[in-house]
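Some notes on the structure that comes next.
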Amino acid sequence: MGLPAELAEVAPHKLAVEGVSKTFRTKRHAVLALDNISLTVQEGEFVCLLGPSGCGKSTLLNIIAGLETPDTGHVLADGKPVAGPGSDRMMMFQESALYPWLDVFGNVLFSLKLKPRLNNKERVEVARFYLKLVGLEKFGRANIHELSGGMRQRVALARALAPNPRVLLMDEPFGALDALTREQLYRDLQEIWSRRRKTVVFVT
């Protein structure tokens, strides 16, 4: 594959959600999370899903990611059915979900194991590229517990972008941050999106 090709922009996917329904059942209750949901996200589009807590936003995102299976309906990524997780669709969660036993650089490098065609030197260069993209090039050897909440989410963003996915799925990744940090990260994310042009579905 080679480093130049890996760092080049890739064509973003178009997403199609068609008639998706999902019910969660326990012994006592059944909760209808999604009821016949359909939507289309164009290539390179930045779409926000808005709604109150518990309305099914995260469930829909998990289905698009392939982490949940719908009861009815299906999701298409660039015309192909989503049957499970894939490196073309990377996810950012509400918590940073970083590995505490790895430093900042190690966390970003870990995601590049999804790219078996890269050699070790190329993986290092890709990790450095994305740490610089999120403004953390000087913190590569920092431990995770030394970082602020905003910095942790920047690391998580770099880790999600490093495999060069076609779709970025974001589940309220800035919700736990203070207002000033959250606004700054929103602006930074928009700038990164304009530079790397991914299809983004953002739950908030």
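Residues in the structure tokens are named by chain (A, B, ... in the order shown) and by number from 1 within that chain; ligands are numbered from 1 in the order shown.
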Based on DSSP run over this structure's backbone, return all residues of range 134-182 of chain A in strand (DSSP E or B), as a PyMOL selection string.
chain A and resi 143+167-171
Excluding same-chain residues fewer than 2 positions from range 69-74 of chain A, what lies within 9 Å of it counting only C-alpha atoms, as an MDAnalysis selection string?
chainID A and resid 16:23 34 36:38 60 62:64 66:67 76 81:84
Selection file, N, CA and C atoms, as a PDB file, in the first residue's frame:
```pdb
ATOM      1  N   ALA A  16     -26.843   4.363   3.756  1.00  0.00           N
ATOM      2  CA  ALA A  16     -28.289   4.270   3.587  1.00  0.00           C
ATOM      3  C   ALA A  16     -28.853   3.388   4.691  1.00  0.00           C
ATOM      4  N   VAL A  17     -29.717   3.973   5.513  1.00  0.00           N
ATOM      5  CA  VAL A  17     -30.430   3.229   6.555  1.00  0.00           C
ATOM      6  C   VAL A  17     -31.847   3.025   6.048  1.00  0.00           C
ATOM      7  N   GLU A  18     -32.255   1.777   5.929  1.00  0.00           N
ATOM      8  CA  GLU A  18     -33.534   1.480   5.276  1.00  0.00           C
ATOM      9  C   GLU A  18     -34.423   0.625   6.178  1.00  0.00           C
ATOM     10  N   GLY A  19     -35.481   1.241   6.698  1.00  0.00           N
ATOM     11  CA  GLY A  19     -36.499   0.534   7.465  1.00  0.00           C
ATOM     12  C   GLY A  19     -35.989  -0.168   8.712  1.00  0.00           C
ATOM     13  N   VAL A  20     -35.068   0.473   9.431  1.00  0.00           N
ATOM     14  CA  VAL A  20     -34.433  -0.167  10.584  1.00  0.00           C
ATOM     15  C   VAL A  20     -35.304  -0.031  11.836  1.00  0.00           C
ATOM     16  N   SER A  21     -35.557  -1.162  12.479  1.00  0.00           N
ATOM     17  CA  SER A  21     -36.258  -1.206  13.767  1.00  0.00           C
ATOM     18  C   SER A  21     -35.448  -2.035  14.741  1.00  0.00           C
ATOM     19  N   LYS A  22     -35.529  -1.672  16.027  1.00  0.00           N
ATOM     20  CA  LYS A  22     -34.803  -2.413  17.052  1.00  0.00           C
ATOM     21  C   LYS A  22     -35.558  -2.338  18.368  1.00  0.00           C
ATOM     22  N   THR A  23     -35.805  -3.518  18.973  1.00  0.00           N
ATOM     23  CA  THR A  23     -36.450  -3.602  20.271  1.00  0.00           C
ATOM     24  C   THR A  23     -35.532  -4.345  21.231  1.00  0.00           C
ATOM     25  N   LEU A  34     -35.943   1.829  18.118  1.00  0.00           N
ATOM     26  CA  LEU A  34     -36.035   2.391  16.770  1.00  0.00           C
ATOM     27  C   LEU A  34     -37.226   1.780  16.061  1.00  0.00           C
ATOM     28  N   ASN A  36     -38.789   1.667  12.348  1.00  0.00           N
ATOM     29  CA  ASN A  36     -38.836   1.907  10.907  1.00  0.00           C
ATOM     30  C   ASN A  36     -38.101   3.194  10.496  1.00  0.00           C
ATOM     31  N   ILE A  37     -36.830   3.252  10.884  1.00  0.00           N
ATOM     32  CA  ILE A  37     -36.014   4.437  10.598  1.00  0.00           C
ATOM     33  C   ILE A  37     -35.350   4.297   9.232  1.00  0.00           C
ATOM     34  N   SER A  38     -35.452   5.341   8.432  1.00  0.00           N
ATOM     35  CA  SER A  38     -34.770   5.389   7.143  1.00  0.00           C
ATOM     36  C   SER A  38     -34.110   6.754   6.984  1.00  0.00           C
ATOM     37  N   LEU A  60     -28.944   3.577  16.929  1.00  0.00           N
ATOM     38  CA  LEU A  60     -28.821   3.711  15.478  1.00  0.00           C
ATOM     39  C   LEU A  60     -27.357   3.776  15.070  1.00  0.00           C
ATOM     40  N   ASN A  62     -24.798   2.509  16.662  1.00  0.00           N
ATOM     41  CA  ASN A  62     -24.216   1.176  16.838  1.00  0.00           C
ATOM     42  C   ASN A  62     -24.597   0.234  15.699  1.00  0.00           C
ATOM     43  N   ILE A  63     -25.801   0.376  15.178  1.00  0.00           N
ATOM     44  CA  ILE A  63     -26.226  -0.453  14.044  1.00  0.00           C
ATOM     45  C   ILE A  63     -25.447  -0.077  12.793  1.00  0.00           C
ATOM     46  N   ILE A  64     -25.240   1.217  12.575  1.00  0.00           N
ATOM     47  CA  ILE A  64     -24.441   1.654  11.422  1.00  0.00           C
ATOM     48  C   ILE A  64     -23.007   1.139  11.548  1.00  0.00           C
ATOM     49  N   GLY A  66     -22.158  -1.563  12.945  1.00  0.00           N
ATOM     50  CA  GLY A  66     -22.126  -3.015  12.902  1.00  0.00           C
ATOM     51  C   GLY A  66     -21.969  -3.651  14.266  1.00  0.00           C
ATOM     52  N   LEU A  67     -22.143  -2.861  15.333  1.00  0.00           N
ATOM     53  CA  LEU A  67     -22.028  -3.372  16.695  1.00  0.00           C
ATOM     54  C   LEU A  67     -23.351  -3.939  17.207  1.00  0.00           C
ATOM     55  N   LEU A  76     -26.713   0.086   4.482  1.00  0.00           N
ATOM     56  CA  LEU A  76     -25.783  -0.077   3.365  1.00  0.00           C
ATOM     57  C   LEU A  76     -24.684   0.969   3.466  1.00  0.00           C
ATOM     58  N   PRO A  81     -24.142  -4.237   2.185  1.00  0.00           N
ATOM     59  CA  PRO A  81     -24.784  -4.415   3.493  1.00  0.00           C
ATOM     60  C   PRO A  81     -23.775  -4.418   4.634  1.00  0.00           C
ATOM     61  N   VAL A  82     -24.112  -3.741   5.717  1.00  0.00           N
ATOM     62  CA  VAL A  82     -23.292  -3.753   6.929  1.00  0.00           C
ATOM     63  C   VAL A  82     -23.674  -4.988   7.744  1.00  0.00           C
ATOM     64  N   ALA A  83     -22.725  -5.905   7.888  1.00  0.00           N
ATOM     65  CA  ALA A  83     -22.993  -7.155   8.610  1.00  0.00           C
ATOM     66  C   ALA A  83     -22.184  -7.260   9.899  1.00  0.00           C
ATOM     67  N   GLY A  84     -21.348  -6.260  10.165  1.00  0.00           N
ATOM     68  CA  GLY A  84     -20.510  -6.284  11.356  1.00  0.00           C
ATOM     69  C   GLY A  84     -19.557  -5.109  11.322  1.00  0.00           C
TER      70      GLY A  84
END
```
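Comparing the minimum interatomic distances between Glu137 in chain A and each of A:Lys121, A:Leu189, A:Trp101, A:Ala158, counting only C-alpha atoms, we find that A:Ala158 sits nearest.
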Across A:Ser194, A:Thr199, A:Thr181, A:Ser87, the smallest distance to Arg154 in chain A, with only C-alpha atoms counted, is shown by A:Thr181
Which residue of A:Pro116, A:Gly44, A:Pro100, A:Gly56 approaches Leu32 in chain A most closely, using only C-alpha atoms
A:Gly56
Could you give me, as JSON, numbers by chain, each residue of chain A that DSSP assigns to helix (DSSP H, G or I) when run on this structure's backbone?
{"A": [3, 4, 5, 6, 7, 57, 58, 59, 60, 61, 62, 63, 64, 65, 104, 105, 106, 107, 108, 109, 110, 111, 112, 113, 114, 120, 121, 122, 123, 124, 125, 126, 127, 128, 129, 130, 131, 132, 133, 137, 138, 139, 144, 145, 146, 149, 150, 151, 152, 153, 154, 155, 156, 157, 158, 159, 160, 161, 179, 180, 181, 182, 183, 184, 185, 186, 187, 188, 189, 190, 191, 192, 193, 194, 195, 196]}
I'd like the contact shell of Val104 in chain A - 6 Å cut-off, only C-alpha atoms, skipping same-chain residues fewer than 4 positions apart - returned as a ChimeraX atom specification.
/A:140-142
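Distances to Gly106 in chain A were evaluated for A:Phe202, A:Phe24, A:Phe139, A:Phe93 using only C-alpha atoms, and the minimum falls at A:Phe139.
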Quick one: residues within 12 Å of Glu183 in chain A, only C-alpha atoms counted, chain neighbours fewer than 6 positions away excluded, as a ChimeraX atom specification?
/A:150,174-175,177,189-190
Those same residues - all heavy atoms - I'd like them written as a PDB file, in the first residue's frame.
```
ATOM      1  N   GLY A 150     -10.288  16.884  27.461  1.00  0.00           N
ATOM      2  CA  GLY A 150     -10.257  17.296  26.064  1.00  0.00           C
ATOM      3  C   GLY A 150      -9.110  16.664  25.304  1.00  0.00           C
ATOM      4  O   GLY A 150      -9.267  16.247  24.152  1.00  0.00           O
ATOM      5  N   PHE A 174     -18.032  14.659  23.041  1.00  0.00           N
ATOM      6  CA  PHE A 174     -17.622  15.839  23.796  1.00  0.00           C
ATOM      7  C   PHE A 174     -18.607  16.184  24.909  1.00  0.00           C
ATOM      8  O   PHE A 174     -18.495  17.228  25.549  1.00  0.00           O
ATOM      9  CB  PHE A 174     -17.488  17.049  22.862  1.00  0.00           C
ATOM     10  CG  PHE A 174     -16.620  16.796  21.649  1.00  0.00           C
ATOM     11  CD1 PHE A 174     -16.918  17.400  20.436  1.00  0.00           C
ATOM     12  CD2 PHE A 174     -15.537  15.944  21.717  1.00  0.00           C
ATOM     13  CE1 PHE A 174     -16.126  17.174  19.316  1.00  0.00           C
ATOM     14  CE2 PHE A 174     -14.739  15.702  20.597  1.00  0.00           C
ATOM     15  CZ  PHE A 174     -15.036  16.314  19.397  1.00  0.00           C
ATOM     16  N   GLY A 175     -19.572  15.310  25.155  1.00  0.00           N
ATOM     17  CA  GLY A 175     -20.649  15.613  26.097  1.00  0.00           C
ATOM     18  C   GLY A 175     -20.194  15.818  27.525  1.00  0.00           C
ATOM     19  O   GLY A 175     -20.805  16.582  28.275  1.00  0.00           O
ATOM     20  N   LEU A 177     -17.352  17.139  28.536  1.00  0.00           N
ATOM     21  CA  LEU A 177     -16.345  18.187  28.648  1.00  0.00           C
ATOM     22  C   LEU A 177     -16.988  19.521  29.022  1.00  0.00           C
ATOM     23  O   LEU A 177     -18.183  19.732  28.820  1.00  0.00           O
ATOM     24  CB  LEU A 177     -15.606  18.329  27.317  1.00  0.00           C
ATOM     25  CG  LEU A 177     -14.952  17.054  26.777  1.00  0.00           C
ATOM     26  CD1 LEU A 177     -14.323  17.339  25.420  1.00  0.00           C
ATOM     27  CD2 LEU A 177     -13.925  16.504  27.751  1.00  0.00           C
ATOM     28  N   LEU A 189     -12.875  19.852  15.047  1.00  0.00           N
ATOM     29  CA  LEU A 189     -13.429  18.735  14.292  1.00  0.00           C
ATOM     30  C   LEU A 189     -13.899  19.192  12.910  1.00  0.00           C
ATOM     31  O   LEU A 189     -13.669  18.509  11.910  1.00  0.00           O
ATOM     32  CB  LEU A 189     -14.589  18.095  15.058  1.00  0.00           C
ATOM     33  CG  LEU A 189     -15.338  16.971  14.346  1.00  0.00           C
ATOM     34  CD1 LEU A 189     -14.403  15.806  14.029  1.00  0.00           C
ATOM     35  CD2 LEU A 189     -16.520  16.495  15.192  1.00  0.00           C
ATOM     36  N   GLN A 190     -14.538  20.349  12.854  1.00  0.00           N
ATOM     37  CA  GLN A 190     -14.994  20.864  11.561  1.00  0.00           C
ATOM     38  C   GLN A 190     -13.813  21.146  10.629  1.00  0.00           C
ATOM     39  O   GLN A 190     -13.884  20.889   9.425  1.00  0.00           O
ATOM     40  CB  GLN A 190     -15.818  22.130  11.782  1.00  0.00           C
ATOM     41  CG  GLN A 190     -17.166  21.857  12.428  1.00  0.00           C
ATOM     42  CD  GLN A 190     -17.909  23.128  12.756  1.00  0.00           C
ATOM     43  OE1 GLN A 190     -17.942  24.066  11.971  1.00  0.00           O
ATOM     44  NE2 GLN A 190     -18.514  23.179  13.934  1.00  0.00           N
TER      45      GLN A 190
END
```
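Taking CA of Arg123 in chain A and CA of Gln184 in chain A as endpoints, the distance between them is 28.4 Å.
Distance check against Val203 in chain A using only C-alpha atoms: of A:Gly54, A:Gly79, A:Pro163, A:Pro173, the minimum falls on A:Pro173.
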Long-range neighbours of Lys115 in chain A as a PyMOL selection string, 10 Å cut-off, only C-alpha atoms, 3 positions minimum in chain
chain A and resi 1+6+87+111-112+118-119+123+162-164
Preceding selection exported with N, CA, C and O atoms as a PDB file, in the first residue's frame:
```
ATOM      1  N   MET A   1       0.840  -1.207   0.000  1.00  0.00           N
ATOM      2  CA  MET A   1       0.000   0.000   0.000  1.00  0.00           C
ATOM      3  C   MET A   1       0.867   1.245   0.000  1.00  0.00           C
ATOM      4  O   MET A   1       0.731   2.109  -0.835  1.00  0.00           O
ATOM      5  N   GLU A   6      -1.552   5.679   2.032  1.00  0.00           N
ATOM      6  CA  GLU A   6      -2.258   5.572   3.301  1.00  0.00           C
ATOM      7  C   GLU A   6      -2.675   6.935   3.833  1.00  0.00           C
ATOM      8  O   GLU A   6      -3.746   7.075   4.439  1.00  0.00           O
ATOM      9  N   SER A  87     -13.164  -1.710   9.259  1.00  0.00           N
ATOM     10  CA  SER A  87     -12.209  -0.606   9.346  1.00  0.00           C
ATOM     11  C   SER A  87     -12.615   0.579   8.479  1.00  0.00           C
ATOM     12  O   SER A  87     -12.023   1.652   8.584  1.00  0.00           O
ATOM     13  N   SER A 111      -4.389   1.320  16.791  1.00  0.00           N
ATOM     14  CA  SER A 111      -5.465   1.253  15.791  1.00  0.00           C
ATOM     15  C   SER A 111      -4.929   0.886  14.417  1.00  0.00           C
ATOM     16  O   SER A 111      -5.681   0.422  13.562  1.00  0.00           O
ATOM     17  N   LEU A 112      -3.643   1.077  14.198  1.00  0.00           N
ATOM     18  CA  LEU A 112      -3.062   0.781  12.886  1.00  0.00           C
ATOM     19  C   LEU A 112      -2.792  -0.701  12.697  1.00  0.00           C
ATOM     20  O   LEU A 112      -2.334  -1.117  11.629  1.00  0.00           O
ATOM     21  N   LEU A 118       0.867  -2.168   6.144  1.00  0.00           N
ATOM     22  CA  LEU A 118       1.870  -1.185   6.506  1.00  0.00           C
ATOM     23  C   LEU A 118       2.987  -1.854   7.288  1.00  0.00           C
ATOM     24  O   LEU A 118       2.737  -2.723   8.126  1.00  0.00           O
ATOM     25  N   ASN A 119       4.237  -1.432   7.057  1.00  0.00           N
ATOM     26  CA  ASN A 119       5.323  -1.927   7.901  1.00  0.00           C
ATOM     27  C   ASN A 119       5.417  -1.045   9.149  1.00  0.00           C
ATOM     28  O   ASN A 119       4.721  -0.023   9.268  1.00  0.00           O
ATOM     29  N   ARG A 123       3.714   2.662   9.994  1.00  0.00           N
ATOM     30  CA  ARG A 123       2.726   2.843  11.066  1.00  0.00           C
ATOM     31  C   ARG A 123       3.128   4.002  11.978  1.00  0.00           C
ATOM     32  O   ARG A 123       2.281   4.799  12.394  1.00  0.00           O
ATOM     33  N   ALA A 162      -6.725   7.345  12.314  1.00  0.00           N
ATOM     34  CA  ALA A 162      -5.467   6.751  11.836  1.00  0.00           C
ATOM     35  C   ALA A 162      -5.648   5.639  10.800  1.00  0.00           C
ATOM     36  O   ALA A 162      -4.873   5.560   9.846  1.00  0.00           O
ATOM     37  N   PRO A 163      -6.646   4.755  10.928  1.00  0.00           N
ATOM     38  CA  PRO A 163      -6.836   3.731   9.879  1.00  0.00           C
ATOM     39  C   PRO A 163      -7.402   4.275   8.569  1.00  0.00           C
ATOM     40  O   PRO A 163      -7.653   3.511   7.642  1.00  0.00           O
ATOM     41  N   ASN A 164      -7.606   5.614   8.518  1.00  0.00           N
ATOM     42  CA  ASN A 164      -8.121   6.281   7.310  1.00  0.00           C
ATOM     43  C   ASN A 164      -9.474   5.721   6.881  1.00  0.00           C
ATOM     44  O   ASN A 164      -9.653   5.277   5.732  1.00  0.00           O
TER      45      ASN A 164
END
```
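A straight line drawn from CA of Glu146 in chain A to CA of Arg196 in chain A is 28.5 Å long.
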